[in-house]
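Working notes for the structure below.
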Amino acid sequence: MTSATPLLEVAGLSGGYRSGSTAIDDLSFAVEPGQKIAVLGPNGGGKTTLFRALLGELPERRGEIRASGELAYVPQTERSRLDYPVSALDVALMGTYSGLSWYRRVGSAERESAAGALARVGLAAQAATAFGSLSGGQRQRVLIARALAQRADILLLDEPLSGVDRPSAARVMTILDELRDEGRALLVATHDIQQAREFDAVLCLNREQVAFGAPRDALSPTVLERTYGGELIVLDDERRAVIVQHHAH
């Protein structure tokens, strides 16, 4: 942990999708530059709701969110449309749109930024390749490039390794580590408890905040049982956990 000014501060955040409903309740945490945070919890536990709240997209929201930089959302590649006739460069270029005035068209500066973002994730040679024809790992890297083209300081990644093979997952994680080392803040929604042990901190959610802190504290058997509730957890020497997900959304 560093003593830097947080890039993102959340205090008493609660909200839901309609008046009177609560999908997340009383979340409070801070993320500093150069931190990679695992957001852990069951399906329906509030991970995606938290991201929507941070992006200003949650219909009902209470509490405070203070961001000192641009936020960008990186969705699961499994949820991306693959039938649109767009190239990898086209997708990365979408990250520049938020910086354009309504009367400005995409120009050479935006194209250079998008191309540079693709090169940053190792896909310069695939710029003209149709997005839908790329592998799952390549598509995930293109989506990260889109966030980089947006010049985001805070990246919200929704299960970025879902549907990605092991070599591609390792490459994605290497990229995330490099972005963290450059001073960005990353919040990564995941179901992988063992992977979460390698993060700088862990935020455990089950509609409410169960724990936030170093993995050694936030991934204790007691915290995991509170986080996953009725999901089956098998603990072995307090270092391994197996969760039976019902995949109900």
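Letters for chains follow the order of the structure tokens (A, B, ...), residue numbers begin at 1 for each chain, and ligand numbers begin at 1 in the order shown.
Around Ala125 of chain A, within 12 Å and counting only C-alpha atoms, the residues found are A:Ser87, A:Ala88, A:Leu89, A:Ala115, A:Gly116, A:Leu118, A:Ala119, A:Arg120, A:Leu134, A:Gln138, once anything fewer than 5 positions away on its own chain is removed.
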Store the residues of this selection in a file with N, CA and C atoms, as an mmCIF file, in the first residue's frame.
```
data_model
loop_
_atom_site.group_PDB
_atom_site.id
_atom_site.type_symbol
_atom_site.label_atom_id
_atom_site.label_comp_id
_atom_site.auth_asym_id
_atom_site.auth_seq_id
_atom_site.Cartn_x
_atom_site.Cartn_y
_atom_site.Cartn_z
ATOM 1 N N SER A 87 -13.581 -3.669 -37.483
ATOM 2 C CA SER A 87 -12.234 -4.196 -37.299
ATOM 3 C C SER A 87 -11.775 -3.962 -35.866
ATOM 4 N N ALA A 88 -10.643 -4.547 -35.522
ATOM 5 C CA ALA A 88 -10.056 -4.314 -34.204
ATOM 6 C C ALA A 88 -9.771 -2.828 -34.011
ATOM 7 N N LEU A 89 -9.284 -2.163 -35.071
ATOM 8 C CA LEU A 89 -9.006 -0.732 -34.973
ATOM 9 C C LEU A 89 -10.293 0.067 -34.759
ATOM 10 N N ALA A 115 -4.528 3.226 -32.743
ATOM 11 C CA ALA A 115 -3.482 2.320 -33.235
ATOM 12 C C ALA A 115 -2.417 2.106 -32.168
ATOM 13 N N GLY A 116 -2.075 3.184 -31.452
ATOM 14 C CA GLY A 116 -1.094 3.055 -30.381
ATOM 15 C C GLY A 116 -1.598 2.168 -29.252
ATOM 16 N N LEU A 118 -3.722 -0.341 -29.593
ATOM 17 C CA LEU A 118 -3.635 -1.725 -30.078
ATOM 18 C C LEU A 118 -2.205 -2.238 -29.986
ATOM 19 N N ALA A 119 -1.253 -1.399 -30.353
ATOM 20 C CA ALA A 119 0.150 -1.809 -30.245
ATOM 21 C C ALA A 119 0.517 -2.079 -28.794
ATOM 22 N N ARG A 120 -0.062 -1.284 -27.894
ATOM 23 C CA ARG A 120 0.233 -1.427 -26.457
ATOM 24 C C ARG A 120 -0.189 -2.798 -25.937
ATOM 25 N N LEU A 134 -11.452 -12.628 -34.294
ATOM 26 C CA LEU A 134 -10.322 -12.759 -33.377
ATOM 27 C C LEU A 134 -10.617 -13.822 -32.323
ATOM 28 N N GLN A 138 -7.703 -12.349 -27.800
ATOM 29 C CA GLN A 138 -7.426 -11.164 -28.612
ATOM 30 C C GLN A 138 -8.543 -10.141 -28.494
#
```
Neighbour list for segment 40-49 of chain A as a CSV table (one decimal) with N, CA and C atoms, in the first residue's frame, cut-off 10 Å, only C-alpha atoms, skip fewer than 4 positions in-chain:
```
chain,number,residue,atom,x,y,z
A,14,SER,N,-24.9,3.2,-1.9
A,14,SER,CA,-26.0,2.3,-2.0
A,14,SER,C,-26.8,2.6,-3.2
A,15,GLY,N,-27.6,1.6,-3.6
A,15,GLY,CA,-28.5,1.9,-4.8
A,15,GLY,C,-29.1,0.6,-5.4
A,16,GLY,N,-29.9,0.9,-6.4
A,16,GLY,CA,-30.5,-0.3,-7.1
A,16,GLY,C,-31.1,0.2,-8.4
A,17,TYR,N,-31.9,-0.7,-9.0
A,17,TYR,CA,-32.4,-0.4,-10.3
A,17,TYR,C,-33.8,0.2,-10.4
A,22,THR,N,-32.7,-2.3,-3.3
A,22,THR,CA,-31.3,-2.1,-3.0
A,22,THR,C,-30.5,-3.3,-3.5
A,23,ALA,N,-29.6,-3.0,-4.5
A,23,ALA,CA,-28.8,-4.0,-5.0
A,23,ALA,C,-27.4,-4.0,-4.4
A,24,ILE,N,-27.0,-2.8,-3.9
A,24,ILE,CA,-25.7,-2.7,-3.2
A,24,ILE,C,-26.0,-1.8,-2.0
A,25,ASP,N,-25.4,-2.0,-0.9
A,25,ASP,CA,-25.7,-1.2,0.3
A,25,ASP,C,-24.4,-0.9,1.1
A,53,ALA,N,-22.8,1.8,-11.0
A,53,ALA,CA,-22.8,3.0,-10.1
A,53,ALA,C,-21.6,3.9,-10.3
A,54,LEU,N,-20.4,3.3,-10.4
A,54,LEU,CA,-19.2,4.1,-10.6
A,54,LEU,C,-19.3,4.9,-11.9
A,55,LEU,N,-19.9,4.3,-12.9
A,55,LEU,CA,-20.0,4.9,-14.2
A,55,LEU,C,-21.2,5.9,-14.4
A,57,GLU,N,-24.4,5.1,-14.1
A,57,GLU,CA,-25.5,4.5,-14.9
A,57,GLU,C,-26.5,3.8,-14.0
A,58,LEU,N,-26.4,3.8,-12.7
A,58,LEU,CA,-27.3,3.2,-11.8
A,58,LEU,C,-28.5,4.1,-11.6
A,75,PRO,N,-15.9,-4.7,-20.8
A,75,PRO,CA,-16.8,-5.8,-20.6
A,75,PRO,C,-16.2,-7.1,-20.9
A,156,LEU,N,-12.4,-0.5,-15.1
A,156,LEU,CA,-13.3,-1.4,-14.5
A,156,LEU,C,-13.5,-2.6,-15.4
A,157,LEU,N,-13.0,-3.8,-15.0
A,157,LEU,CA,-12.9,-4.9,-15.9
A,157,LEU,C,-13.9,-6.0,-15.3
A,158,ASP,N,-14.8,-6.4,-16.2
A,158,ASP,CA,-15.9,-7.3,-15.8
A,158,ASP,C,-15.4,-8.8,-16.2
A,159,GLU,N,-14.9,-9.5,-15.3
A,159,GLU,CA,-14.4,-10.9,-15.5
A,159,GLU,C,-13.7,-11.0,-16.8
A,188,VAL,N,-11.1,-5.3,-10.9
A,188,VAL,CA,-11.3,-6.5,-11.7
A,188,VAL,C,-12.3,-7.4,-11.0
A,189,ALA,N,-13.5,-7.5,-11.6
A,189,ALA,CA,-14.5,-8.5,-11.1
A,189,ALA,C,-14.1,-9.9,-11.5
A,190,THR,N,-14.2,-10.8,-10.5
A,190,THR,CA,-13.7,-12.1,-10.7
A,190,THR,C,-14.4,-13.1,-9.8
A,191,HIS,N,-14.5,-14.4,-10.2
A,191,HIS,CA,-14.9,-15.5,-9.3
A,191,HIS,C,-13.7,-16.3,-8.8
A,192,ASP,N,-12.5,-16.0,-9.3
A,192,ASP,CA,-11.4,-16.8,-9.0
A,192,ASP,C,-10.7,-16.4,-7.7
A,193,ILE,N,-11.0,-17.1,-6.7
A,193,ILE,CA,-10.4,-16.8,-5.3
A,193,ILE,C,-8.9,-16.9,-5.3
A,196,ALA,N,-7.4,-14.0,-7.0
A,196,ALA,CA,-7.5,-12.8,-6.2
A,196,ALA,C,-6.5,-12.7,-5.1
A,202,VAL,N,-8.5,-6.8,-2.0
A,202,VAL,CA,-9.8,-7.6,-2.4
A,202,VAL,C,-11.0,-6.9,-1.8
A,203,LEU,N,-12.0,-6.7,-2.6
A,203,LEU,CA,-13.3,-6.2,-2.2
A,203,LEU,C,-14.3,-7.3,-2.3
A,204,CYS,N,-14.8,-7.8,-1.2
A,204,CYS,CA,-15.7,-8.9,-1.1
A,204,CYS,C,-17.1,-8.3,-1.0
A,205,LEU,N,-18.0,-8.7,-1.9
A,205,LEU,CA,-19.4,-8.2,-1.9
A,205,LEU,C,-20.4,-9.3,-1.9
A,206,ASN,N,-21.5,-9.1,-1.1
A,206,ASN,CA,-22.7,-9.9,-1.2
A,206,ASN,C,-23.8,-8.9,-0.9
A,207,ARG,N,-24.0,-8.0,-1.9
A,207,ARG,CA,-25.0,-6.9,-1.8
A,207,ARG,C,-24.5,-5.8,-0.9
A,208,GLU,N,-23.9,-6.2,0.2
A,208,GLU,CA,-23.2,-5.3,1.1
A,208,GLU,C,-21.7,-5.6,1.1
A,209,GLN,N,-20.9,-4.7,1.6
A,209,GLN,CA,-19.5,-4.9,1.7
A,209,GLN,C,-19.1,-5.8,2.8
A,210,VAL,N,-18.6,-7.0,2.5
A,210,VAL,CA,-18.2,-7.9,3.5
A,210,VAL,C,-16.8,-7.6,4.0
A,211,ALA,N,-15.9,-7.3,3.1
A,211,ALA,CA,-14.5,-7.0,3.5
A,211,ALA,C,-13.9,-6.2,2.4
A,218,ALA,N,-8.8,-10.4,3.6
A,218,ALA,CA,-10.1,-10.4,3.0
A,218,ALA,C,-10.5,-11.7,2.5
A,219,LEU,N,-9.6,-12.7,2.4
A,219,LEU,CA,-9.9,-14.0,1.9
A,219,LEU,C,-9.9,-15.1,3.0
A,224,LEU,N,-15.1,-15.5,3.4
A,224,LEU,CA,-15.6,-16.2,2.2
A,224,LEU,C,-17.0,-16.8,2.4
A,226,ARG,N,-19.2,-15.6,4.5
A,226,ARG,CA,-20.2,-14.5,4.5
A,226,ARG,C,-20.4,-14.0,3.1
A,227,THR,N,-19.4,-14.0,2.3
A,227,THR,CA,-19.5,-13.5,0.9
A,227,THR,C,-20.3,-14.4,0.0
A,228,TYR,N,-20.2,-15.7,0.1
A,228,TYR,CA,-20.9,-16.6,-0.8
A,228,TYR,C,-22.1,-17.2,-0.2
A,229,GLY,N,-22.4,-16.9,1.0
A,229,GLY,CA,-23.7,-17.4,1.6
A,229,GLY,C,-24.0,-18.8,1.3
A,230,GLY,N,-25.1,-19.1,0.6
A,230,GLY,CA,-25.5,-20.4,0.3
A,230,GLY,C,-24.7,-21.2,-0.7
A,231,GLU,N,-23.7,-20.5,-1.3
A,231,GLU,CA,-22.8,-21.3,-2.3
A,231,GLU,C,-21.9,-22.2,-1.4
A,243,ILE,N,-16.0,-23.0,-5.2
A,243,ILE,CA,-17.3,-22.4,-5.1
A,243,ILE,C,-18.2,-23.0,-6.2
A,244,VAL,N,-19.4,-23.5,-5.8
A,244,VAL,CA,-20.3,-24.0,-6.7
A,244,VAL,C,-21.3,-22.8,-7.1
A,245,GLN,N,-21.1,-22.4,-8.4
A,245,GLN,CA,-21.9,-21.2,-8.8
A,245,GLN,C,-23.1,-21.8,-9.5
A,246,HIS,N,-24.3,-21.1,-9.3
A,246,HIS,CA,-25.5,-21.5,-9.9
A,246,HIS,C,-25.8,-20.7,-11.2
A,247,HIS,N,-25.0,-19.7,-11.4
A,247,HIS,CA,-25.1,-18.9,-12.6
A,247,HIS,C,-26.5,-18.3,-12.9
A,248,ALA,N,-27.1,-17.9,-11.9
A,248,ALA,CA,-28.4,-17.2,-12.0
A,248,ALA,C,-28.2,-15.7,-12.0
A,249,HIS,N,-28.6,-15.0,-13.0
A,249,HIS,CA,-28.3,-13.6,-13.1
A,249,HIS,C,-29.6,-12.8,-12.8
```
Near segment 144-146 of chain A, counting only C-alpha atoms, which residues have an atom at most 7 Å away, once you skip same-chain residues fewer than 4 positions from it, shown as a short mmCIF file (atom, residue, chain, number, x, y, z; two decimals) with N, CA and C atoms, in the first residue's frame?
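Ended up saving to selection-v2.cif:
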```cif
data_model
loop_
_atom_site.label_atom_id
_atom_site.label_comp_id
_atom_site.auth_asym_id
_atom_site.auth_seq_id
_atom_site.Cartn_x
_atom_site.Cartn_y
_atom_site.Cartn_z
N VAL A 74 -14.47 -2.16 -19.16
CA VAL A 74 -14.02 -3.20 -20.09
C VAL A 74 -14.92 -4.42 -19.87
N VAL A 91 -12.94 -0.86 -33.15
CA VAL A 91 -13.36 -1.02 -31.76
C VAL A 91 -12.49 -0.16 -30.85
N ALA A 92 -11.18 -0.20 -31.06
CA ALA A 92 -10.28 0.63 -30.24
C ALA A 92 -10.58 2.11 -30.43
N LEU A 93 -10.95 2.49 -31.65
CA LEU A 93 -11.24 3.87 -31.98
C LEU A 93 -12.46 4.39 -31.20
N MET A 94 -13.37 3.49 -30.85
CA MET A 94 -14.56 3.89 -30.08
C MET A 94 -14.18 4.54 -28.75
N GLY A 95 -13.01 4.19 -28.24
CA GLY A 95 -12.56 4.78 -26.99
C GLY A 95 -12.27 6.26 -27.08
N ALA A 117 -2.89 2.25 -28.96
CA ALA A 117 -3.47 1.40 -27.91
C ALA A 117 -3.43 -0.06 -28.32
N LEU A 118 -3.72 -0.34 -29.59
CA LEU A 118 -3.63 -1.73 -30.08
C LEU A 118 -2.20 -2.24 -29.99
N VAL A 121 -1.22 -3.38 -26.52
CA VAL A 121 -1.69 -4.70 -26.08
C VAL A 121 -1.22 -5.81 -27.04
N GLN A 140 -10.46 -9.69 -25.97
CA GLN A 140 -10.37 -9.05 -24.66
C GLN A 140 -9.29 -7.98 -24.66
N GLN A 150 -9.26 5.69 -24.60
CA GLN A 150 -10.08 6.65 -23.86
C GLN A 150 -9.24 7.44 -22.86
#
```
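Within segment 34-91 of chain A, the backbone-based DSSP assignment of strand (DSSP E) covers Lys36, Ile37, Ala38, Val39, Leu40, Glu60, Arg61, Arg62, Gly63, Glu64, Ile65, Arg66, Ala67, Leu71, Ala72, Tyr73 and Val74 of chain A.
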